[in-house]
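Contents: one structure, followed by commentary.
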Amino acid sequence: ETKAVLLENICRKLKPQSVKVRADIEVACTKYEGVDAVKRALKKGLEYTTEAFPIKINLIAPPLYVVTTQTMERPEGVEILTKAVEAIKEDITNAGGVFQMQEAPHVVTDIA
């Protein structure tokens, strides 16, 4: 019985931990395209979504957005989110909009 409890605890501790990676960005466009340019730029960021790295973009309050992904691989998660944020930046600046990084992509939590 003790062996079974110990084995169960050890297996739980050794299981790979999922982490949440987050970046806070400001995206706005006051040119003619306006909201459409912002939508298009955010969709460019979502193009980096894969099965291993599902990217989500949530609106906090205009023009502040949070880009997140949940994954097992820390460095790759930060890298993918950085690429997505760069794609958003490139697209919105090409449309004459404004991009500002509030917080660079970083690991927020370890999810058990």
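Lettering and numbering for the structure tokens are positional, with chains as A, B, ... in the shown order, residues counted from 1 in each chain, and ligands counted from 1 in the shown order.
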
Mind checking DSSP for chain A and telling me the helix (DSSP H, G or I) residues as a PyMOL selection string?
chain A and resi 2-14+35-46+74-94

Would you give me, as a compact mmCIF listing (two decimals) with all heavy atoms, in the first residue's frame, the residues in chain A that DSSP reads as strand (DSSP E)?
```txt
# COMPACT_ATOMS: atom_id res chain seq x y z
N SER A 18 2.35 21.81 -17.77
CA SER A 18 1.92 22.75 -18.80
C SER A 18 2.15 24.17 -18.31
O SER A 18 1.95 24.47 -17.14
CB SER A 18 0.42 22.53 -19.07
OG SER A 18 -0.02 23.43 -20.04
N VAL A 19 2.61 25.04 -19.20
CA VAL A 19 2.86 26.42 -18.82
C VAL A 19 2.04 27.36 -19.70
O VAL A 19 1.70 27.02 -20.84
CB VAL A 19 4.35 26.81 -18.94
CG1 VAL A 19 5.19 26.04 -17.95
CG2 VAL A 19 4.87 26.63 -20.34
N LYS A 20 1.71 28.51 -19.17
CA LYS A 20 0.98 29.52 -19.92
C LYS A 20 1.94 30.65 -20.25
O LYS A 20 2.62 31.17 -19.37
CB LYS A 20 -0.19 30.04 -19.07
CG LYS A 20 -1.15 30.89 -19.84
CD LYS A 20 -2.38 31.17 -18.99
CE LYS A 20 -3.48 31.77 -19.83
NZ LYS A 20 -4.72 31.94 -19.08
N VAL A 21 2.00 31.01 -21.53
CA VAL A 21 2.87 32.10 -21.99
C VAL A 21 1.97 33.25 -22.40
O VAL A 21 0.95 33.05 -23.07
CB VAL A 21 3.74 31.63 -23.17
CG1 VAL A 21 4.69 32.73 -23.60
CG2 VAL A 21 4.52 30.38 -22.81
N ARG A 22 2.36 34.47 -21.99
CA ARG A 22 1.48 35.62 -22.19
C ARG A 22 2.27 36.84 -22.67
O ARG A 22 3.41 37.04 -22.27
CB ARG A 22 0.81 35.95 -20.85
CG ARG A 22 0.05 37.24 -20.82
CD ARG A 22 -0.48 37.51 -19.43
NE ARG A 22 -1.06 38.85 -19.36
CZ ARG A 22 -2.17 39.14 -18.71
NH1 ARG A 22 -2.79 38.20 -18.05
NH2 ARG A 22 -2.63 40.36 -18.70
N ALA A 23 1.63 37.65 -23.51
CA ALA A 23 2.19 38.93 -23.94
C ALA A 23 1.06 39.95 -23.95
O ALA A 23 -0.05 39.64 -24.37
CB ALA A 23 2.81 38.82 -25.32
N ASP A 24 1.33 41.16 -23.46
CA ASP A 24 0.34 42.25 -23.47
C ASP A 24 0.76 43.24 -24.54
O ASP A 24 1.89 43.72 -24.53
CB ASP A 24 0.27 42.95 -22.12
CG ASP A 24 -0.27 42.03 -21.02
OD1 ASP A 24 -0.39 40.82 -21.27
OD2 ASP A 24 -0.59 42.53 -19.94
N ILE A 25 -0.17 43.56 -25.45
CA ILE A 25 0.14 44.49 -26.53
C ILE A 25 -0.98 45.52 -26.70
O ILE A 25 -2.12 45.28 -26.31
CB ILE A 25 0.35 43.75 -27.87
CG1 ILE A 25 -0.89 42.95 -28.26
CG2 ILE A 25 1.58 42.86 -27.80
CD1 ILE A 25 -0.81 42.31 -29.64
N GLU A 26 -0.61 46.66 -27.27
CA GLU A 26 -1.60 47.67 -27.65
C GLU A 26 -1.58 47.76 -29.17
O GLU A 26 -0.53 47.94 -29.77
CB GLU A 26 -1.25 49.04 -27.06
CG GLU A 26 -1.66 49.18 -25.63
CD GLU A 26 -1.47 50.61 -25.11
OE1 GLU A 26 -1.39 51.55 -25.93
OE2 GLU A 26 -1.38 50.76 -23.89
N VAL A 27 -2.75 47.63 -29.78
CA VAL A 27 -2.88 47.71 -31.23
C VAL A 27 -4.02 48.67 -31.54
O VAL A 27 -5.14 48.49 -31.06
CB VAL A 27 -3.19 46.32 -31.85
CG1 VAL A 27 -3.29 46.41 -33.35
CG2 VAL A 27 -2.14 45.31 -31.44
N ALA A 28 -3.72 49.71 -32.35
CA ALA A 28 -4.75 50.68 -32.73
C ALA A 28 -4.46 51.21 -34.12
O ALA A 28 -3.32 51.19 -34.57
CB ALA A 28 -4.78 51.82 -31.73
N ILE A 55 -2.81 29.58 -29.95
CA ILE A 55 -2.72 31.00 -29.59
C ILE A 55 -4.12 31.59 -29.45
O ILE A 55 -4.99 31.35 -30.29
CB ILE A 55 -1.91 31.79 -30.64
CG1 ILE A 55 -0.47 31.29 -30.64
CG2 ILE A 55 -1.96 33.28 -30.37
CD1 ILE A 55 0.41 31.89 -31.72
N LYS A 56 -4.31 32.35 -28.38
CA LYS A 56 -5.58 33.05 -28.15
C LYS A 56 -5.28 34.53 -27.97
O LYS A 56 -4.29 34.89 -27.34
CB LYS A 56 -6.28 32.52 -26.90
CG LYS A 56 -6.73 31.09 -27.00
CD LYS A 56 -7.41 30.65 -25.73
CE LYS A 56 -7.77 29.17 -25.81
NZ LYS A 56 -8.28 28.66 -24.55
N ILE A 57 -6.14 35.37 -28.54
CA ILE A 57 -6.00 36.81 -28.37
C ILE A 57 -7.28 37.33 -27.75
O ILE A 57 -8.36 37.15 -28.31
CB ILE A 57 -5.72 37.52 -29.72
CG1 ILE A 57 -4.43 36.98 -30.34
CG2 ILE A 57 -5.65 39.03 -29.51
CD1 ILE A 57 -4.11 37.54 -31.71
N ASN A 58 -7.14 37.96 -26.58
CA ASN A 58 -8.31 38.48 -25.87
C ASN A 58 -8.20 39.99 -25.73
O ASN A 58 -7.13 40.53 -25.46
CB ASN A 58 -8.42 37.86 -24.47
CG ASN A 58 -8.70 36.38 -24.54
OD1 ASN A 58 -9.43 35.91 -25.39
ND2 ASN A 58 -8.10 35.63 -23.62
N LEU A 59 -9.34 40.64 -25.86
CA LEU A 59 -9.41 42.08 -25.67
C LEU A 59 -9.56 42.38 -24.19
O LEU A 59 -10.44 41.82 -23.53
CB LEU A 59 -10.62 42.64 -26.44
CG LEU A 59 -10.97 44.10 -26.20
CD1 LEU A 59 -9.88 45.01 -26.75
CD2 LEU A 59 -12.30 44.43 -26.85
N ILE A 60 -8.70 43.24 -23.65
CA ILE A 60 -8.83 43.67 -22.26
C ILE A 60 -9.69 44.93 -22.25
O ILE A 60 -10.75 44.96 -21.67
CB ILE A 60 -7.45 43.93 -21.62
CG1 ILE A 60 -6.60 42.67 -21.63
CG2 ILE A 60 -7.60 44.47 -20.21
CD1 ILE A 60 -7.17 41.49 -20.88
N ALA A 61 -9.19 45.98 -22.89
CA ALA A 61 -9.93 47.22 -23.10
C ALA A 61 -9.23 47.91 -24.25
O ALA A 61 -8.01 48.01 -24.24
CB ALA A 61 -9.90 48.08 -21.84
N LEU A 64 -5.91 47.60 -25.71
CA LEU A 64 -5.07 46.61 -25.04
C LEU A 64 -5.57 45.19 -25.28
O LEU A 64 -6.74 44.89 -25.04
CB LEU A 64 -5.03 46.90 -23.53
CG LEU A 64 -4.11 46.07 -22.68
CD1 LEU A 64 -2.66 46.25 -23.09
CD2 LEU A 64 -4.26 46.44 -21.21
N TYR A 65 -4.65 44.34 -25.76
CA TYR A 65 -4.96 42.94 -26.03
C TYR A 65 -3.96 42.05 -25.32
O TYR A 65 -2.81 42.44 -25.09
CB TYR A 65 -4.88 42.64 -27.54
CG TYR A 65 -5.93 43.37 -28.35
CD1 TYR A 65 -5.70 44.66 -28.80
CD2 TYR A 65 -7.14 42.76 -28.65
CE1 TYR A 65 -6.66 45.33 -29.54
CE2 TYR A 65 -8.10 43.43 -29.38
CZ TYR A 65 -7.85 44.71 -29.83
OH TYR A 65 -8.81 45.38 -30.54
N VAL A 66 -4.40 40.83 -24.98
CA VAL A 66 -3.52 39.84 -24.36
C VAL A 66 -3.42 38.65 -25.31
O VAL A 66 -4.43 38.11 -25.75
CB VAL A 66 -4.06 39.37 -22.99
CG1 VAL A 66 -3.22 38.24 -22.44
CG2 VAL A 66 -4.10 40.52 -22.02
N VAL A 67 -2.18 38.28 -25.64
CA VAL A 67 -1.92 37.13 -26.51
C VAL A 67 -1.38 36.02 -25.62
O VAL A 67 -0.40 36.22 -24.91
CB VAL A 67 -0.89 37.50 -27.61
CG1 VAL A 67 -0.73 36.35 -28.58
CG2 VAL A 67 -1.28 38.77 -28.32
N THR A 68 -2.04 34.85 -25.63
CA THR A 68 -1.62 33.76 -24.76
C THR A 68 -1.54 32.44 -25.53
O THR A 68 -2.19 32.26 -26.55
CB THR A 68 -2.60 33.54 -23.58
OG1 THR A 68 -3.90 33.29 -24.10
CG2 THR A 68 -2.62 34.73 -22.66
N THR A 69 -0.75 31.53 -24.98
CA THR A 69 -0.73 30.15 -25.45
C THR A 69 -0.43 29.25 -24.26
O THR A 69 0.17 29.71 -23.28
CB THR A 69 0.30 29.92 -26.58
OG1 THR A 69 0.13 28.58 -27.09
CG2 THR A 69 1.72 30.09 -26.11
N GLN A 70 -0.86 28.02 -24.34
CA GLN A 70 -0.62 27.06 -23.27
C GLN A 70 0.10 25.87 -23.88
O GLN A 70 -0.37 25.30 -24.87
CB GLN A 70 -1.95 26.63 -22.67
CG GLN A 70 -1.82 25.95 -21.34
CD GLN A 70 -3.16 25.82 -20.66
OE1 GLN A 70 -3.99 26.72 -20.73
NE2 GLN A 70 -3.38 24.69 -20.02
N THR A 71 1.24 25.51 -23.32
CA THR A 71 2.07 24.47 -23.93
C THR A 71 2.92 23.75 -22.89
O THR A 71 3.01 24.19 -21.75
CB THR A 71 2.98 25.10 -25.01
OG1 THR A 71 3.74 24.07 -25.61
CG2 THR A 71 3.91 26.13 -24.41
N VAL A 98 -0.82 51.87 -34.91
CA VAL A 98 0.13 52.00 -33.81
C VAL A 98 0.23 50.66 -33.08
O VAL A 98 -0.78 50.03 -32.79
CB VAL A 98 -0.34 53.09 -32.81
CG1 VAL A 98 0.62 53.20 -31.64
CG2 VAL A 98 -0.50 54.41 -33.51
N PHE A 99 1.47 50.26 -32.78
CA PHE A 99 1.71 49.04 -32.02
C PHE A 99 2.62 49.39 -30.86
O PHE A 99 3.62 50.09 -31.02
CB PHE A 99 2.39 47.98 -32.88
CG PHE A 99 2.75 46.73 -32.12
CD1 PHE A 99 1.87 45.69 -32.03
CD2 PHE A 99 3.98 46.62 -31.46
CE1 PHE A 99 2.20 44.54 -31.31
CE2 PHE A 99 4.31 45.50 -30.75
CZ PHE A 99 3.41 44.46 -30.67
N GLN A 100 2.26 48.90 -29.67
CA GLN A 100 3.12 49.10 -28.52
C GLN A 100 3.11 47.83 -27.67
O GLN A 100 2.05 47.29 -27.35
CB GLN A 100 2.65 50.29 -27.68
CG GLN A 100 3.62 50.64 -26.58
CD GLN A 100 3.20 51.90 -25.84
OE1 GLN A 100 2.12 52.43 -26.04
NE2 GLN A 100 4.06 52.38 -24.97
N MET A 101 4.31 47.36 -27.33
CA MET A 101 4.44 46.17 -26.48
C MET A 101 4.37 46.60 -25.03
O MET A 101 5.22 47.35 -24.56
CB MET A 101 5.78 45.49 -26.77
CG MET A 101 6.04 44.26 -25.93
SD MET A 101 5.44 42.75 -26.63
CE MET A 101 6.52 42.55 -28.02
N GLN A 102 3.36 46.14 -24.31
CA GLN A 102 3.25 46.44 -22.88
C GLN A 102 4.12 45.47 -22.08
O GLN A 102 4.83 45.88 -21.18
CB GLN A 102 1.79 46.33 -22.42
CG GLN A 102 0.88 47.36 -23.05
CD GLN A 102 1.24 48.77 -22.66
OE1 GLN A 102 1.61 49.04 -21.54
NE2 GLN A 102 1.17 49.68 -23.62
N GLU A 103 3.98 44.18 -22.40
CA GLU A 103 4.80 43.14 -21.77
C GLU A 103 5.23 42.15 -22.83
O GLU A 103 4.39 41.65 -23.58
CB GLU A 103 4.02 42.40 -20.68
CG GLU A 103 3.91 43.13 -19.37
CD GLU A 103 3.32 42.24 -18.28
OE1 GLU A 103 3.83 41.11 -18.11
OE2 GLU A 103 2.37 42.68 -17.63
N ALA A 104 6.51 41.88 -22.92
CA ALA A 104 7.02 40.91 -23.89
C ALA A 104 6.53 39.50 -23.51
O ALA A 104 6.16 39.27 -22.35
CB ALA A 104 8.55 40.95 -23.90
N PRO A 105 6.51 38.57 -24.46
CA PRO A 105 6.08 37.21 -24.14
C PRO A 105 6.93 36.62 -23.00
O PRO A 105 8.15 36.66 -23.04
CB PRO A 105 6.31 36.45 -25.44
CG PRO A 105 6.22 37.50 -26.50
CD PRO A 105 6.80 38.73 -25.88
N HIS A 106 6.23 36.08 -22.01
CA HIS A 106 6.92 35.47 -20.85
C HIS A 106 6.03 34.39 -20.25
O HIS A 106 4.81 34.41 -20.44
CB HIS A 106 7.26 36.53 -19.80
CG HIS A 106 6.06 37.21 -19.21
ND1 HIS A 106 5.36 38.18 -19.90
CD2 HIS A 106 5.43 37.03 -18.03
CE1 HIS A 106 4.34 38.58 -19.13
NE2 HIS A 106 4.36 37.90 -18.02
N VAL A 107 6.65 33.47 -19.53
CA VAL A 107 5.90 32.41 -18.85
C VAL A 107 5.21 32.99 -17.63
O VAL A 107 5.84 33.64 -16.81
CB VAL A 107 6.85 31.25 -18.44
CG1 VAL A 107 6.10 30.20 -17.64
CG2 VAL A 107 7.50 30.63 -19.67
N VAL A 108 3.89 32.79 -17.56
CA VAL A 108 3.12 33.35 -16.47
C VAL A 108 2.96 32.34 -15.33
O VAL A 108 3.31 32.62 -14.20
CB VAL A 108 1.71 33.79 -16.95
CG1 VAL A 108 0.91 34.38 -15.82
CG2 VAL A 108 1.84 34.79 -18.08
N THR A 109 2.41 31.17 -15.65
CA THR A 109 2.12 30.21 -14.60
C THR A 109 2.50 28.80 -15.01
O THR A 109 2.54 28.46 -16.18
CB THR A 109 0.61 30.16 -14.28
OG1 THR A 109 -0.10 29.94 -15.49
CG2 THR A 109 0.14 31.41 -13.60
N ASP A 110 2.77 28.00 -14.00
CA ASP A 110 2.90 26.56 -14.22
C ASP A 110 1.56 25.96 -13.88
O ASP A 110 1.07 26.11 -12.77
CB ASP A 110 3.99 25.97 -13.30
CG ASP A 110 5.37 26.47 -13.67
OD1 ASP A 110 5.61 26.70 -14.87
OD2 ASP A 110 6.19 26.64 -12.76
N ILE A 111 0.96 25.28 -14.86
CA ILE A 111 -0.35 24.71 -14.65
C ILE A 111 -0.20 23.22 -14.39
O ILE A 111 0.36 22.49 -15.21
CB ILE A 111 -1.25 24.96 -15.89
CG1 ILE A 111 -1.36 26.46 -16.14
CG2 ILE A 111 -2.62 24.33 -15.71
CD1 ILE A 111 -1.80 26.82 -17.53
```

Pick out the residues sitting within 6 Å of range 75-90 of chain A, and hand them over as a list in words; count only C-alpha atoms, and ignore anything fewer than 5 positions along from it in its own chain.
Ala41, Leu42, Lys44, Gly45, Tyr48, Phe99 and Pro105 of chain A

Those residues you just picked out, can you put them in a file as a PDB file, in the first residue's frame with all heavy atoms?
```pdb
ATOM      1  N   ALA A  41      -4.618  42.489 -38.527  1.00  0.00           N
ATOM      2  CA  ALA A  41      -3.326  42.315 -37.847  1.00  0.00           C
ATOM      3  C   ALA A  41      -3.411  41.212 -36.792  1.00  0.00           C
ATOM      4  O   ALA A  41      -2.511  40.376 -36.684  1.00  0.00           O
ATOM      5  CB  ALA A  41      -2.883  43.630 -37.213  1.00  0.00           C
ATOM      6  N   LEU A  42      -4.486  41.207 -36.011  1.00  0.00           N
ATOM      7  CA  LEU A  42      -4.636  40.179 -34.977  1.00  0.00           C
ATOM      8  C   LEU A  42      -4.794  38.793 -35.601  1.00  0.00           C
ATOM      9  O   LEU A  42      -4.281  37.804 -35.071  1.00  0.00           O
ATOM     10  CB  LEU A  42      -5.809  40.511 -34.061  1.00  0.00           C
ATOM     11  CG  LEU A  42      -5.643  41.784 -33.226  1.00  0.00           C
ATOM     12  CD1 LEU A  42      -6.903  42.062 -32.432  1.00  0.00           C
ATOM     13  CD2 LEU A  42      -4.445  41.707 -32.306  1.00  0.00           C
ATOM     14  N   LYS A  44      -3.394  37.878 -38.328  1.00  0.00           N
ATOM     15  CA  LYS A  44      -2.031  37.502 -38.747  1.00  0.00           C
ATOM     16  C   LYS A  44      -1.316  36.786 -37.604  1.00  0.00           C
ATOM     17  O   LYS A  44      -0.595  35.821 -37.809  1.00  0.00           O
ATOM     18  CB  LYS A  44      -1.222  38.737 -39.149  1.00  0.00           C
ATOM     19  CG  LYS A  44      -1.509  39.233 -40.521  1.00  0.00           C
ATOM     20  CD  LYS A  44      -0.727  38.448 -41.531  1.00  0.00           C
ATOM     21  CE  LYS A  44      -0.876  39.113 -42.892  1.00  0.00           C
ATOM     22  NZ  LYS A  44      -0.631  38.215 -43.989  1.00  0.00           N
ATOM     23  N   GLY A  45      -1.510  37.279 -36.389  1.00  0.00           N
ATOM     24  CA  GLY A  45      -0.907  36.645 -35.220  1.00  0.00           C
ATOM     25  C   GLY A  45      -1.473  35.258 -34.966  1.00  0.00           C
ATOM     26  O   GLY A  45      -0.749  34.339 -34.574  1.00  0.00           O
ATOM     27  N   TYR A  48      -0.127  31.757 -36.475  1.00  0.00           N
ATOM     28  CA  TYR A  48       0.956  30.963 -35.876  1.00  0.00           C
ATOM     29  C   TYR A  48       0.422  29.864 -34.951  1.00  0.00           C
ATOM     30  O   TYR A  48       1.199  29.137 -34.348  1.00  0.00           O
ATOM     31  CB  TYR A  48       1.925  31.873 -35.118  1.00  0.00           C
ATOM     32  CG  TYR A  48       2.803  32.674 -36.043  1.00  0.00           C
ATOM     33  CD1 TYR A  48       2.376  33.895 -36.555  1.00  0.00           C
ATOM     34  CD2 TYR A  48       4.048  32.202 -36.435  1.00  0.00           C
ATOM     35  CE1 TYR A  48       3.165  34.627 -37.421  1.00  0.00           C
ATOM     36  CE2 TYR A  48       4.850  32.926 -37.306  1.00  0.00           C
ATOM     37  CZ  TYR A  48       4.401  34.129 -37.794  1.00  0.00           C
ATOM     38  OH  TYR A  48       5.179  34.846 -38.657  1.00  0.00           O
ATOM     39  N   PHE A  99       1.475  50.265 -32.777  1.00  0.00           N
ATOM     40  CA  PHE A  99       1.712  49.042 -32.019  1.00  0.00           C
ATOM     41  C   PHE A  99       2.625  49.389 -30.858  1.00  0.00           C
ATOM     42  O   PHE A  99       3.616  50.085 -31.021  1.00  0.00           O
ATOM     43  CB  PHE A  99       2.393  47.980 -32.881  1.00  0.00           C
ATOM     44  CG  PHE A  99       2.752  46.734 -32.119  1.00  0.00           C
ATOM     45  CD1 PHE A  99       1.873  45.691 -32.026  1.00  0.00           C
ATOM     46  CD2 PHE A  99       3.975  46.624 -31.463  1.00  0.00           C
ATOM     47  CE1 PHE A  99       2.197  44.539 -31.308  1.00  0.00           C
ATOM     48  CE2 PHE A  99       4.308  45.496 -30.747  1.00  0.00           C
ATOM     49  CZ  PHE A  99       3.413  44.458 -30.672  1.00  0.00           C
ATOM     50  N   PRO A 105       6.512  38.572 -24.459  1.00  0.00           N
ATOM     51  CA  PRO A 105       6.081  37.208 -24.136  1.00  0.00           C
ATOM     52  C   PRO A 105       6.927  36.617 -23.001  1.00  0.00           C
ATOM     53  O   PRO A 105       8.148  36.663 -23.037  1.00  0.00           O
ATOM     54  CB  PRO A 105       6.309  36.452 -25.444  1.00  0.00           C
ATOM     55  CG  PRO A 105       6.222  37.501 -26.498  1.00  0.00           C
ATOM     56  CD  PRO A 105       6.797  38.734 -25.880  1.00  0.00           C
TER      57      PRO A 105
END
```

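CA of Lys39 in chain A to CA of Gly96 in chain A spans 13.7 Å [interatomic distance, one decimal].
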
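If only C-alpha atoms are the atoms counted, then among A:Thr2, A:Asn9, A:Thr49, A:Thr30 the closest residue to Thr93 in chain A is A:Thr30.
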